[in-house]
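All remarks here apply to the structure that follows.
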Amino acid sequence: MRALLLYNPTATTTTSAVIDVICRALASELDIEAVPTKRRNHAGFLAAGAADEGYDVVVVLGGDGTVNEVVQGIATTDVALAVIPGGSTNVLARSLGLPNDAIAATGVILRKLADKEIRRVNL
């Protein structure tokens with residue numbers, strides 16, 4: 001499964017060590033490419049590009065703002081979204097029942113992808 005990891009390098013809990021661990025974990029099961037966001041709305045642009053390039057899933061590590069941008073980029077596509085909490089509040093990740101810890105959430109995401117447990121969320 002081809003995946004794009006978009007991460008906000010300035011998000012509250014995002015560090016280079018966390019990104020490295022998450023990339024290694026995701027690479028164990030996915031053909032993963034990791035790209036940092038550089039400015040406002042960049043995540044949405046990158047996510048839309050991933051959809052155009054045939055990625056299966058966009059994994060986003062960041063806060064609710066970064067997640068919102070990614071959702072806007074893939075909203076009309078069949079690309080799956082995986083959310084790894086990396087901000088200070090992480091409303092969507094919590095609403096989805098994900099752990100607030102980025103590493104623990106990555107494990108949950110990997111299990112759900114392996115089990116093909118993908119659900120649609122009404123926007």
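Chain labels run A, B, ... following the order of the structure tokens; each chain numbers its residues from 1, and ligands are numbered from 1 in the order shown.
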
Got a sec: who's within 12 Å of A:Arg40, counting only C-alpha atoms, leaving out chain neighbours fewer than 6 positions off, as a VMD selection string? chain A and resid 8 10 46 65 to 70

Those residues you just picked out, can you put them in a file as an mmCIF file, in the first residue's frame with N, CA and C atoms?
```cif
data_model
loop_
_atom_site.group_PDB
_atom_site.id
_atom_site.type_symbol
_atom_site.label_atom_id
_atom_site.label_comp_id
_atom_site.auth_asym_id
_atom_site.auth_seq_id
_atom_site.Cartn_x
_atom_site.Cartn_y
_atom_site.Cartn_z
ATOM 1 N N ASN A 8 3.649 18.173 10.284
ATOM 2 C CA ASN A 8 3.889 19.569 10.597
ATOM 3 C C ASN A 8 5.093 19.617 11.532
ATOM 4 N N THR A 10 6.389 21.920 13.082
ATOM 5 C CA THR A 10 6.262 22.855 14.204
ATOM 6 C C THR A 10 5.118 22.492 15.147
ATOM 7 N N LEU A 46 -0.340 19.203 -0.813
ATOM 8 C CA LEU A 46 0.385 17.939 -0.898
ATOM 9 C C LEU A 46 -0.576 16.742 -0.895
ATOM 10 N N GLY A 65 -5.360 21.695 12.781
ATOM 11 C CA GLY A 65 -5.231 22.544 11.604
ATOM 12 C C GLY A 65 -4.623 21.809 10.428
ATOM 13 N N THR A 66 -3.566 21.044 10.689
ATOM 14 C CA THR A 66 -2.928 20.265 9.627
ATOM 15 C C THR A 66 -3.871 19.175 9.134
ATOM 16 N N VAL A 67 -4.561 18.527 10.056
ATOM 17 C CA VAL A 67 -5.532 17.491 9.676
ATOM 18 C C VAL A 67 -6.613 18.105 8.793
ATOM 19 N N ASN A 68 -7.120 19.277 9.157
ATOM 20 C CA ASN A 68 -8.148 19.944 8.366
ATOM 21 C C ASN A 68 -7.664 20.217 6.945
ATOM 22 N N GLU A 69 -6.436 20.680 6.800
ATOM 23 C CA GLU A 69 -5.896 20.932 5.468
ATOM 24 C C GLU A 69 -5.854 19.648 4.640
ATOM 25 N N VAL A 70 -5.411 18.554 5.241
ATOM 26 C CA VAL A 70 -5.330 17.280 4.522
ATOM 27 C C VAL A 70 -6.726 16.809 4.118
#
```

Applying 9 Å and only C-alpha atoms, which residues near A:Val58 remain after dropping the ones on its own chain fewer than 4 positions away? List them as a ChimeraX atom specification. /A:2-6,47,50-51,70,74,79-83

Neighbouring residues of A:Ala25 were defined as those with any atom within 8 Å, considering only C-alpha atoms; residues of the same chain fewer than 3 positions away were excluded. Please report them as a list in words. Val21, Ile22, Ser28, Glu29, Thr106 and Gly107 of chain A

Identify, with DSSP run on backbone atoms, the residues in stretch 4-123 of chain A assigned to alpha helix (DSSP H), and express the list as an mmCIF file with N, CA and C atoms, in the first residue's frame.
```
data_model
loop_
_atom_site.group_PDB
_atom_site.id
_atom_site.type_symbol
_atom_site.label_atom_id
_atom_site.label_comp_id
_atom_site.auth_asym_id
_atom_site.auth_seq_id
_atom_site.Cartn_x
_atom_site.Cartn_y
_atom_site.Cartn_z
ATOM 1 N N SER A 16 12.059 15.412 15.690
ATOM 2 C CA SER A 16 12.703 14.587 14.671
ATOM 3 C C SER A 16 12.762 13.126 15.121
ATOM 4 N N ALA A 17 12.922 12.881 16.415
ATOM 5 C CA ALA A 17 12.953 11.497 16.916
ATOM 6 C C ALA A 17 11.594 10.822 16.736
ATOM 7 N N VAL A 18 10.521 11.525 17.029
ATOM 8 C CA VAL A 18 9.173 10.972 16.862
ATOM 9 C C VAL A 18 8.909 10.684 15.389
ATOM 10 N N ILE A 19 9.271 11.608 14.524
ATOM 11 C CA ILE A 19 9.068 11.409 13.086
ATOM 12 C C ILE A 19 9.850 10.191 12.608
ATOM 13 N N ASP A 20 11.080 10.041 13.073
ATOM 14 C CA ASP A 20 11.910 8.904 12.680
ATOM 15 C C ASP A 20 11.284 7.578 13.106
ATOM 16 N N VAL A 21 10.824 7.494 14.347
ATOM 17 C CA VAL A 21 10.202 6.260 14.846
ATOM 18 C C VAL A 21 8.938 5.948 14.055
ATOM 19 N N ILE A 22 8.122 6.951 13.811
ATOM 20 C CA ILE A 22 6.874 6.745 13.075
ATOM 21 C C ILE A 22 7.167 6.310 11.639
ATOM 22 N N CYS A 23 8.125 6.943 10.990
ATOM 23 C CA CYS A 23 8.479 6.560 9.616
ATOM 24 C C CYS A 23 8.956 5.113 9.551
ATOM 25 N N ARG A 24 9.791 4.718 10.487
ATOM 26 C CA ARG A 24 10.290 3.338 10.503
ATOM 27 C C ARG A 24 9.149 2.343 10.746
ATOM 28 N N ALA A 25 8.253 2.692 11.649
ATOM 29 C CA ALA A 25 7.118 1.797 11.930
ATOM 30 C C ALA A 25 6.221 1.676 10.702
ATOM 31 N N LEU A 26 5.884 2.792 10.092
ATOM 32 C CA LEU A 26 5.018 2.765 8.914
ATOM 33 C C LEU A 26 5.685 2.044 7.742
ATOM 34 N N ALA A 27 6.993 2.224 7.596
ATOM 35 C CA ALA A 27 7.717 1.581 6.497
ATOM 36 C C ALA A 27 7.743 0.063 6.633
ATOM 37 N N HIS A 42 -0.214 24.189 2.852
ATOM 38 C CA HIS A 42 0.702 23.313 2.138
ATOM 39 C C HIS A 42 0.259 21.852 2.253
ATOM 40 N N ALA A 43 -0.238 21.462 3.417
ATOM 41 C CA ALA A 43 -0.672 20.075 3.621
ATOM 42 C C ALA A 43 -1.816 19.715 2.676
ATOM 43 N N GLY A 44 -2.739 20.626 2.484
ATOM 44 C CA GLY A 44 -3.844 20.374 1.562
ATOM 45 C C GLY A 44 -3.367 20.209 0.135
ATOM 46 N N PHE A 45 -2.442 21.040 -0.269
ATOM 47 C CA PHE A 45 -1.852 20.958 -1.604
ATOM 48 C C PHE A 45 -1.144 19.616 -1.796
ATOM 49 N N LEU A 46 -0.340 19.203 -0.813
ATOM 50 C CA LEU A 46 0.385 17.939 -0.898
ATOM 51 C C LEU A 46 -0.576 16.742 -0.895
ATOM 52 N N ALA A 47 -1.621 16.820 -0.079
ATOM 53 C CA ALA A 47 -2.599 15.727 -0.012
ATOM 54 C C ALA A 47 -3.339 15.584 -1.336
ATOM 55 N N ALA A 48 -3.740 16.696 -1.931
ATOM 56 C CA ALA A 48 -4.417 16.644 -3.230
ATOM 57 C C ALA A 48 -3.479 16.053 -4.284
ATOM 58 N N GLY A 49 -2.217 16.405 -4.224
ATOM 59 C CA GLY A 49 -1.240 15.836 -5.142
ATOM 60 C C GLY A 49 -1.082 14.341 -4.948
ATOM 61 N N ALA A 50 -1.113 13.901 -3.696
ATOM 62 C CA ALA A 50 -1.019 12.458 -3.406
ATOM 63 C C ALA A 50 -2.195 11.717 -4.018
ATOM 64 N N ALA A 51 -3.374 12.308 -3.946
ATOM 65 C CA ALA A 51 -4.558 11.683 -4.543
ATOM 66 C C ALA A 51 -4.384 11.587 -6.060
ATOM 67 N N ASP A 52 -3.895 12.645 -6.669
ATOM 68 C CA ASP A 52 -3.675 12.649 -8.121
ATOM 69 C C ASP A 52 -2.609 11.637 -8.539
ATOM 70 N N ASP A 64 -4.953 19.693 14.734
ATOM 71 C CA ASP A 64 -6.229 19.767 14.025
ATOM 72 C C ASP A 64 -6.166 20.648 12.777
ATOM 73 N N GLY A 65 -5.360 21.695 12.781
ATOM 74 C CA GLY A 65 -5.231 22.544 11.604
ATOM 75 C C GLY A 65 -4.623 21.809 10.428
ATOM 76 N N THR A 66 -3.566 21.044 10.689
ATOM 77 C CA THR A 66 -2.928 20.265 9.627
ATOM 78 C C THR A 66 -3.871 19.175 9.134
ATOM 79 N N VAL A 67 -4.561 18.527 10.056
ATOM 80 C CA VAL A 67 -5.532 17.491 9.676
ATOM 81 C C VAL A 67 -6.613 18.105 8.793
ATOM 82 N N ASN A 68 -7.120 19.277 9.157
ATOM 83 C CA ASN A 68 -8.148 19.944 8.366
ATOM 84 C C ASN A 68 -7.664 20.217 6.945
ATOM 85 N N GLU A 69 -6.436 20.680 6.800
ATOM 86 C CA GLU A 69 -5.896 20.932 5.468
ATOM 87 C C GLU A 69 -5.854 19.648 4.640
ATOM 88 N N VAL A 70 -5.411 18.554 5.241
ATOM 89 C CA VAL A 70 -5.330 17.280 4.522
ATOM 90 C C VAL A 70 -6.726 16.809 4.118
ATOM 91 N N VAL A 71 -7.676 16.924 5.026
ATOM 92 C CA VAL A 71 -9.059 16.540 4.714
ATOM 93 C C VAL A 71 -9.556 17.327 3.503
ATOM 94 N N GLN A 72 -9.277 18.611 3.466
ATOM 95 C CA GLN A 72 -9.704 19.441 2.328
ATOM 96 C C GLN A 72 -9.056 18.960 1.029
ATOM 97 N N GLY A 73 -7.828 18.470 1.121
ATOM 98 C CA GLY A 73 -7.118 18.020 -0.077
ATOM 99 C C GLY A 73 -7.596 16.699 -0.639
ATOM 100 N N ILE A 74 -8.157 15.839 0.217
ATOM 101 C CA ILE A 74 -8.568 14.501 -0.255
ATOM 102 C C ILE A 74 -10.065 14.248 -0.131
ATOM 103 N N VAL A 91 -8.473 17.087 18.414
ATOM 104 C CA VAL A 91 -9.902 16.794 18.535
ATOM 105 C C VAL A 91 -10.318 15.623 17.645
ATOM 106 N N LEU A 92 -9.940 15.631 16.366
ATOM 107 C CA LEU A 92 -10.376 14.553 15.481
ATOM 108 C C LEU A 92 -9.783 13.217 15.911
ATOM 109 N N ALA A 93 -8.514 13.187 16.220
ATOM 110 C CA ALA A 93 -7.881 11.932 16.646
ATOM 111 C C ALA A 93 -8.578 11.369 17.875
ATOM 112 N N ARG A 94 -8.894 12.219 18.821
ATOM 113 C CA ARG A 94 -9.601 11.758 20.029
ATOM 114 C C ARG A 94 -11.013 11.284 19.692
ATOM 115 N N SER A 95 -11.678 12.003 18.778
ATOM 116 C CA SER A 95 -13.033 11.611 18.376
ATOM 117 C C SER A 95 -13.038 10.257 17.682
ATOM 118 N N ALA A 102 1.544 9.815 19.927
ATOM 119 C CA ALA A 102 1.772 9.607 18.493
ATOM 120 C C ALA A 102 2.263 8.199 18.180
ATOM 121 N N ILE A 103 3.144 7.652 18.998
ATOM 122 C CA ILE A 103 3.685 6.317 18.745
ATOM 123 C C ILE A 103 2.600 5.260 18.934
ATOM 124 N N ALA A 104 1.841 5.376 20.006
ATOM 125 C CA ALA A 104 0.746 4.423 20.250
ATOM 126 C C ALA A 104 -0.301 4.514 19.139
ATOM 127 N N ALA A 105 -0.612 5.726 18.686
ATOM 128 C CA ALA A 105 -1.587 5.896 17.606
ATOM 129 C C ALA A 105 -1.083 5.268 16.314
ATOM 130 N N THR A 106 0.216 5.338 16.070
ATOM 131 C CA THR A 106 0.797 4.714 14.874
ATOM 132 C C THR A 106 0.570 3.206 14.903
ATOM 133 N N GLY A 107 0.746 2.599 16.069
ATOM 134 C CA GLY A 107 0.490 1.162 16.199
ATOM 135 C C GLY A 107 -0.954 0.814 15.894
ATOM 136 N N VAL A 108 -1.880 1.615 16.391
ATOM 137 C CA VAL A 108 -3.306 1.384 16.123
ATOM 138 C C VAL A 108 -3.578 1.504 14.625
ATOM 139 N N ILE A 109 -3.020 2.516 13.989
ATOM 140 C CA ILE A 109 -3.225 2.722 12.555
ATOM 141 C C ILE A 109 -2.690 1.543 11.755
ATOM 142 N N LEU A 110 -1.514 1.067 12.097
ATOM 143 C CA LEU A 110 -0.946 -0.085 11.387
ATOM 144 C C LEU A 110 -1.830 -1.319 11.527
ATOM 145 N N ARG A 111 -2.363 -1.549 12.715
ATOM 146 C CA ARG A 111 -3.267 -2.695 12.910
ATOM 147 C C ARG A 111 -4.531 -2.539 12.082
ATOM 148 N N LYS A 112 -5.104 -1.353 12.076
ATOM 149 C CA LYS A 112 -6.344 -1.132 11.334
ATOM 150 C C LYS A 112 -6.124 -1.256 9.822
ATOM 151 N N LEU A 113 -5.000 -0.768 9.329
ATOM 152 C CA LEU A 113 -4.700 -0.914 7.905
ATOM 153 C C LEU A 113 -4.482 -2.379 7.547
ATOM 154 N N ALA A 114 -3.780 -3.124 8.404
ATOM 155 C CA ALA A 114 -3.539 -4.550 8.148
ATOM 156 C C ALA A 114 -4.851 -5.330 8.121
#
```

For A:Val59, which residue out of A:Leu98, A:Pro36, A:Tyr7, A:Asn41 is the nearest one, using only C-alpha atoms? A:Tyr7

Could you check how far atom CA of A:Thr14 sits from atom CA of A:Val57, in Å to one decimal?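 These two atoms are separated by 20.4 Å.
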